[in-house]
Amino acid sequence: LRSLELRASIAVLEAKFRATGKDVPLVPEAIATAGVHWSFASRSRLNVNLRHVGRQRYDNDEANTFARRQPAYGLVDAKLEHRVGRFELGLEVRNLFDKDYYSYGAVNFLGTGFSAYPAPGRAAYLSLAYRLDFERLVTRLSTRFIQSSARELDDAITWALEQLGDFTHVDRCVVFQIMPGDADVHFTHEWCAPKFQSTQYRYATVPMDTFPWAF
């Protein structure tokens, strides 16, 4: 047993609209994570990550009138890595137990039903990475911003969010702007993975005290 690291966290969330006191859609009741990092050899390690996302209101249900809530789900991901010189070989399995779930759903305009995008089932990936991937990403981002004029800055930010989303394998990257003395948070830029709907138009400006756990 060369090295074993354990980690865990939990966040209990309660986000409500200041004007109505209603729950904010797409904010889960709780998010819990746990992980194990086991370096079982000098150049080999195993990562196992567990994630639980609690129930949440569907999109388009700002009035909280839809009887159902988006169900909670739990996922387990695992990755085995081995380093050879400056190269890293990896075998990653996401959604290890092939859980059926969805992370986004929206109530229809009549309020009688909902639509949801099924999330991927179990998927395995083999990777061969050179240990300069992150440095190259930073170089690409820096170069793009240096070469962008003020008029091109918004497009450059959106492009940078896409690059970061692809690099970190997430579904959504956003930029919030907080101005000194301002009581609101401004949703300025967003990138979404394919099949995920943008929420920027819906939450362009949000009171800061809606998310006391974040600010």
# chains A, B, ... in the order shown; residues from 1 in each chain; ligands from 1
$ residues_around --residues "A:Gly74" --least-positions-apart "2" --cutoff "8 Å" --atoms "only C-alpha atoms" --output "list in words"
Leu50, Arg51, His52, Val53, Ala72, Val76 and Lys99 of chain A
$ residues_around --residues "stretch 186-201 of chain A" --least-positions-apart "2" --cutoff "6 Å" --atoms "only C-alpha atoms" --output "compact mmCIF listing (two decimals) with N, CA and C atoms, in the first residue's frame"
# COMPACT_ATOMS: atom_id res chain seq x y z
N LEU A 161 -14.25 29.02 -23.25
CA LEU A 161 -15.11 28.15 -22.44
C LEU A 161 -15.28 26.79 -23.09
N GLU A 162 -15.41 26.77 -24.42
CA GLU A 162 -15.52 25.50 -25.14
C GLU A 162 -14.25 24.66 -24.98
N ASP A 171 -20.24 19.41 -19.06
CA ASP A 171 -21.35 19.69 -19.97
C ASP A 171 -21.60 21.18 -20.18
N ARG A 172 -21.08 22.01 -19.28
CA ARG A 172 -21.41 23.43 -19.35
C ARG A 172 -20.31 24.24 -18.67
N CYS A 173 -19.91 25.35 -19.29
CA CYS A 173 -18.98 26.31 -18.69
C CYS A 173 -19.59 27.69 -18.80
N VAL A 174 -19.55 28.46 -17.73
CA VAL A 174 -20.18 29.78 -17.73
C VAL A 174 -19.25 30.80 -17.09
N VAL A 175 -19.54 32.05 -17.38
CA VAL A 175 -18.84 33.19 -16.75
C VAL A 175 -19.89 34.07 -16.10
N PHE A 176 -19.70 34.32 -14.80
CA PHE A 176 -20.54 35.26 -14.07
C PHE A 176 -19.71 36.50 -13.77
N GLN A 177 -20.32 37.66 -13.89
CA GLN A 177 -19.63 38.92 -13.60
C GLN A 177 -20.26 39.56 -12.36
N TYR A 203 -31.51 33.28 -16.99
CA TYR A 203 -30.91 33.76 -15.74
C TYR A 203 -29.81 34.79 -16.04
N ALA A 204 -30.12 35.75 -16.92
CA ALA A 204 -29.12 36.73 -17.32
C ALA A 204 -28.66 37.57 -16.13
N THR A 205 -29.58 37.91 -15.24
CA THR A 205 -29.25 38.66 -14.03
C THR A 205 -29.94 37.99 -12.85
$ atom_distance --atom1 "atom CA of A:Asn47" --atom2 "atom CA of A:Ala78"
5.6 Å
$ select_by_dssp --residues "stretch 162-206 of chain A" --states "helix (DSSP H, G or I)" --output "ChimeraX atom specification"
/A:162-168
$ closest_atom_pairs --of "stretch 41-75 of chain A" --to "stretch 90-93 of chain A" --cutoff "12 Å" --atoms "only C-alpha atoms" --output "tab-separated table"
residue	atom	partner	partner_atom	distance
A:Arg43	CA	A:Gly90	CA	11.8
A:Ser44	CA	A:Gly90	CA	9.8
A:Arg45	CA	A:Gly90	CA	9.7
A:Leu46	CA	A:Leu91	CA	9.7
A:Asn47	CA	A:Glu92	CA	9.2
A:Val48	CA	A:Val93	CA	9.7
A:Asn49	CA	A:Val93	CA	10.7
A:Leu75	CA	A:Val93	CA	11.1
$ residues_around --residues "A:Phe66" --least-positions-apart "5" --cutoff "9 Å" --atoms "only C-alpha atoms" --output "NGL selection string"
:A and (57-58 or 61 or 107 or 111-113)
$ write_last_selection --atoms "all heavy atoms" --output "CSV table (one decimal), in the first residue's frame"
chain,number,residue,atom,x,y,z
A,57,ARG,N,-35.8,21.0,-9.3
A,57,ARG,CA,-37.0,21.4,-10.2
A,57,ARG,C,-36.6,21.3,-11.6
A,57,ARG,O,-35.4,21.6,-12.0
A,57,ARG,CB,-37.4,22.8,-9.8
A,57,ARG,CG,-38.0,23.0,-8.4
A,57,ARG,CD,-39.4,22.5,-8.4
A,57,ARG,NE,-40.0,22.7,-7.0
A,57,ARG,CZ,-41.2,22.4,-6.7
A,57,ARG,NH1,-42.0,21.8,-7.6
A,57,ARG,NH2,-41.6,22.6,-5.5
A,58,TYR,N,-37.5,21.0,-12.5
A,58,TYR,CA,-37.3,21.0,-13.9
A,58,TYR,C,-37.2,22.4,-14.4
A,58,TYR,O,-37.7,23.4,-13.8
A,58,TYR,CB,-38.4,20.3,-14.7
A,58,TYR,CG,-38.4,18.8,-14.5
A,58,TYR,CD1,-39.2,18.2,-13.5
A,58,TYR,CD2,-37.6,18.0,-15.4
A,58,TYR,CE1,-39.2,16.8,-13.4
A,58,TYR,CE2,-37.6,16.6,-15.3
A,58,TYR,CZ,-38.4,16.0,-14.3
A,58,TYR,OH,-38.4,14.7,-14.1
A,61,ASP,N,-40.0,25.6,-14.7
A,61,ASP,CA,-40.9,25.4,-13.6
A,61,ASP,C,-40.6,26.4,-12.5
A,61,ASP,O,-40.5,26.1,-11.4
A,61,ASP,CB,-40.8,24.0,-13.0
A,61,ASP,CG,-41.9,23.7,-12.0
A,61,ASP,OD1,-43.0,24.4,-12.0
A,61,ASP,OD2,-41.7,22.9,-11.1
A,107,VAL,N,-40.0,21.2,-18.3
A,107,VAL,CA,-41.4,21.1,-18.4
A,107,VAL,C,-41.9,21.7,-19.6
A,107,VAL,O,-41.4,22.8,-20.1
A,107,VAL,CB,-42.1,21.8,-17.1
A,107,VAL,CG1,-43.6,21.7,-17.2
A,107,VAL,CG2,-41.6,21.1,-15.8
A,111,GLY,N,-47.3,22.7,-19.0
A,111,GLY,CA,-47.1,22.2,-17.6
A,111,GLY,C,-47.7,20.8,-17.4
A,111,GLY,O,-47.9,20.4,-16.2
A,112,THR,N,-47.9,20.0,-18.4
A,112,THR,CA,-48.5,18.7,-18.3
A,112,THR,C,-47.5,17.6,-18.4
A,112,THR,O,-47.9,16.4,-18.1
A,112,THR,CB,-49.6,18.5,-19.4
A,112,THR,OG1,-49.0,18.7,-20.6
A,112,THR,CG2,-50.7,19.5,-19.2
A,113,GLY,N,-46.3,17.9,-18.8
A,113,GLY,CA,-45.3,16.8,-18.9
A,113,GLY,C,-43.9,17.4,-19.0
A,113,GLY,O,-43.7,18.7,-18.9
$ decode --residues "stretch 107-140 of chain A" --atoms "N, CA, C and O atoms" --output "mmCIF file, in the first residue's frame"
data_model
loop_
_atom_site.group_PDB
_atom_site.id
_atom_site.type_symbol
_atom_site.label_atom_id
_atom_site.label_comp_id
_atom_site.auth_asym_id
_atom_site.auth_seq_id
_atom_site.Cartn_x
_atom_site.Cartn_y
_atom_site.Cartn_z
ATOM 1 N N VAL A 107 -39.962 21.230 -18.302
ATOM 2 C CA VAL A 107 -41.416 21.093 -18.351
ATOM 3 C C VAL A 107 -41.925 21.726 -19.643
ATOM 4 O O VAL A 107 -41.409 22.767 -20.087
ATOM 5 N N ASN A 108 -42.936 21.102 -20.250
ATOM 6 C CA ASN A 108 -43.479 21.683 -21.466
ATOM 7 C C ASN A 108 -44.294 22.942 -21.140
ATOM 8 O O ASN A 108 -44.573 23.243 -19.977
ATOM 9 N N PHE A 109 -44.680 23.688 -22.176
ATOM 10 C CA PHE A 109 -45.322 24.983 -21.960
ATOM 11 C C PHE A 109 -46.713 24.855 -21.349
ATOM 12 O O PHE A 109 -47.209 25.796 -20.747
ATOM 13 N N LEU A 110 -47.322 23.688 -21.477
ATOM 14 C CA LEU A 110 -48.631 23.475 -20.857
ATOM 15 C C LEU A 110 -48.515 23.039 -19.406
ATOM 16 O O LEU A 110 -49.511 23.017 -18.674
ATOM 17 N N GLY A 111 -47.327 22.657 -19.003
ATOM 18 C CA GLY A 111 -47.136 22.202 -17.627
ATOM 19 C C GLY A 111 -47.691 20.825 -17.365
ATOM 20 O O GLY A 111 -47.916 20.441 -16.212
ATOM 21 N N THR A 112 -47.903 20.038 -18.431
ATOM 22 C CA THR A 112 -48.508 18.715 -18.274
ATOM 23 C C THR A 112 -47.508 17.575 -18.366
ATOM 24 O O THR A 112 -47.856 16.426 -18.089
ATOM 25 N N GLY A 113 -46.282 17.851 -18.752
ATOM 26 C CA GLY A 113 -45.274 16.805 -18.901
ATOM 27 C C GLY A 113 -43.906 17.435 -19.037
ATOM 28 O O GLY A 113 -43.739 18.654 -18.900
ATOM 29 N N PHE A 114 -42.933 16.610 -19.304
ATOM 30 C CA PHE A 114 -41.569 17.124 -19.412
ATOM 31 C C PHE A 114 -40.806 16.337 -20.465
ATOM 32 O O PHE A 114 -41.197 15.231 -20.863
ATOM 33 N N SER A 115 -39.733 16.921 -20.920
ATOM 34 C CA SER A 115 -38.815 16.226 -21.818
ATOM 35 C C SER A 115 -37.441 16.220 -21.150
ATOM 36 O O SER A 115 -37.104 17.133 -20.400
ATOM 37 N N ALA A 116 -36.669 15.187 -21.434
ATOM 38 C CA ALA A 116 -35.350 15.046 -20.816
ATOM 39 C C ALA A 116 -34.392 14.415 -21.810
ATOM 40 O O ALA A 116 -34.804 13.669 -22.709
ATOM 41 N N TYR A 117 -33.117 14.731 -21.646
ATOM 42 C CA TYR A 117 -32.077 14.170 -22.495
ATOM 43 C C TYR A 117 -31.374 13.050 -21.735
ATOM 44 O O TYR A 117 -30.682 13.311 -20.745
ATOM 45 N N PRO A 118 -31.538 11.796 -22.159
ATOM 46 C CA PRO A 118 -30.839 10.707 -21.463
ATOM 47 C C PRO A 118 -29.331 10.904 -21.512
ATOM 48 O O PRO A 118 -28.764 11.275 -22.547
ATOM 49 N N ALA A 119 -28.691 10.696 -20.388
ATOM 50 C CA ALA A 119 -27.239 10.828 -20.321
ATOM 51 C C ALA A 119 -26.587 9.545 -20.813
ATOM 52 O O ALA A 119 -27.214 8.473 -20.844
ATOM 53 N N PRO A 120 -25.330 9.606 -21.211
ATOM 54 C CA PRO A 120 -24.658 8.404 -21.723
ATOM 55 C C PRO A 120 -24.578 7.291 -20.682
ATOM 56 O O PRO A 120 -24.467 7.549 -19.477
ATOM 57 N N GLY A 121 -24.637 6.053 -21.160
ATOM 58 C CA GLY A 121 -24.433 4.909 -20.285
ATOM 59 C C GLY A 121 -22.949 4.670 -20.058
ATOM 60 O O GLY A 121 -22.121 5.564 -20.222
ATOM 61 N N ARG A 122 -22.630 3.438 -19.711
ATOM 62 C CA ARG A 122 -21.226 3.110 -19.456
ATOM 63 C C ARG A 122 -20.393 3.356 -20.715
ATOM 64 O O ARG A 122 -20.785 3.001 -21.826
ATOM 65 N N ALA A 123 -19.239 3.988 -20.534
ATOM 66 C CA ALA A 123 -18.348 4.265 -21.661
ATOM 67 C C ALA A 123 -16.905 4.091 -21.193
ATOM 68 O O ALA A 123 -16.547 4.529 -20.095
ATOM 69 N N ALA A 124 -16.100 3.457 -22.020
ATOM 70 C CA ALA A 124 -14.692 3.216 -21.689
ATOM 71 C C ALA A 124 -13.810 3.971 -22.684
ATOM 72 O O ALA A 124 -14.127 4.074 -23.870
ATOM 73 N N TYR A 125 -12.711 4.507 -22.167
ATOM 74 C CA TYR A 125 -11.807 5.307 -22.986
ATOM 75 C C TYR A 125 -10.361 4.877 -22.721
ATOM 76 O O TYR A 125 -9.957 4.706 -21.568
ATOM 77 N N LEU A 126 -9.628 4.712 -23.788
ATOM 78 C CA LEU A 126 -8.195 4.518 -23.694
ATOM 79 C C LEU A 126 -7.516 5.824 -24.098
ATOM 80 O O LEU A 126 -7.931 6.471 -25.058
ATOM 81 N N SER A 127 -6.491 6.197 -23.369
ATOM 82 C CA SER A 127 -5.844 7.470 -23.669
ATOM 83 C C SER A 127 -4.334 7.338 -23.584
ATOM 84 O O SER A 127 -3.798 6.519 -22.830
ATOM 85 N N LEU A 128 -3.684 8.127 -24.400
ATOM 86 C CA LEU A 128 -2.231 8.265 -24.360
ATOM 87 C C LEU A 128 -1.959 9.760 -24.358
ATOM 88 O O LEU A 128 -2.260 10.456 -25.332
ATOM 89 N N ALA A 129 -1.445 10.268 -23.254
ATOM 90 C CA ALA A 129 -1.286 11.707 -23.110
ATOM 91 C C ALA A 129 0.163 12.061 -22.796
ATOM 92 O O ALA A 129 0.835 11.362 -22.029
ATOM 93 N N TYR A 130 0.582 13.139 -23.398
ATOM 94 C CA TYR A 130 1.884 13.708 -23.061
ATOM 95 C C TYR A 130 1.646 14.732 -21.972
ATOM 96 O O TYR A 130 0.643 15.444 -21.992
ATOM 97 N N ARG A 131 2.507 14.851 -21.022
ATOM 98 C CA ARG A 131 2.233 15.618 -19.820
ATOM 99 C C ARG A 131 2.350 17.135 -20.005
ATOM 100 O O ARG A 131 2.538 17.864 -19.062
ATOM 101 N N LEU A 132 2.204 17.582 -21.231
ATOM 102 C CA LEU A 132 2.194 19.012 -21.491
ATOM 103 C C LEU A 132 0.832 19.479 -22.001
ATOM 104 O O LEU A 132 0.704 20.589 -22.504
ATOM 105 N N ASP A 133 -0.198 18.623 -21.870
ATOM 106 C CA ASP A 133 -1.517 18.967 -22.388
ATOM 107 C C ASP A 133 -2.031 20.267 -21.792
ATOM 108 O O ASP A 133 -2.531 21.148 -22.511
ATOM 109 N N PHE A 134 -1.935 20.399 -20.487
ATOM 110 C CA PHE A 134 -2.480 21.593 -19.849
ATOM 111 C C PHE A 134 -1.685 22.836 -20.255
ATOM 112 O O PHE A 134 -2.264 23.902 -20.512
ATOM 113 N N GLU A 135 -0.352 22.688 -20.328
ATOM 114 C CA GLU A 135 0.472 23.828 -20.740
ATOM 115 C C GLU A 135 0.112 24.276 -22.152
ATOM 116 O O GLU A 135 0.060 25.477 -22.452
ATOM 117 N N ARG A 136 -0.174 23.318 -23.028
ATOM 118 C CA ARG A 136 -0.559 23.662 -24.395
ATOM 119 C C ARG A 136 -1.912 24.368 -24.422
ATOM 120 O O ARG A 136 -2.129 25.303 -25.213
ATOM 121 N N LEU A 137 -2.828 23.931 -23.558
ATOM 122 C CA LEU A 137 -4.128 24.586 -23.489
ATOM 123 C C LEU A 137 -3.963 26.037 -23.049
ATOM 124 O O LEU A 137 -4.557 26.953 -23.650
ATOM 125 N N VAL A 138 -3.174 26.272 -22.026
ATOM 126 C CA VAL A 138 -2.942 27.643 -21.553
ATOM 127 C C VAL A 138 -2.314 28.488 -22.663
ATOM 128 O O VAL A 138 -2.675 29.659 -22.855
ATOM 129 N N THR A 139 -1.388 27.899 -23.413
ATOM 130 C CA THR A 139 -0.756 28.631 -24.514
ATOM 131 C C THR A 139 -1.778 29.010 -25.578
ATOM 132 O O THR A 139 -1.777 30.151 -26.086
ATOM 133 N N ARG A 140 -2.664 28.077 -25.937
ATOM 134 C CA ARG A 140 -3.688 28.371 -26.940
ATOM 135 C C ARG A 140 -4.622 29.486 -26.468
ATOM 136 O O ARG A 140 -4.960 30.398 -27.227
#
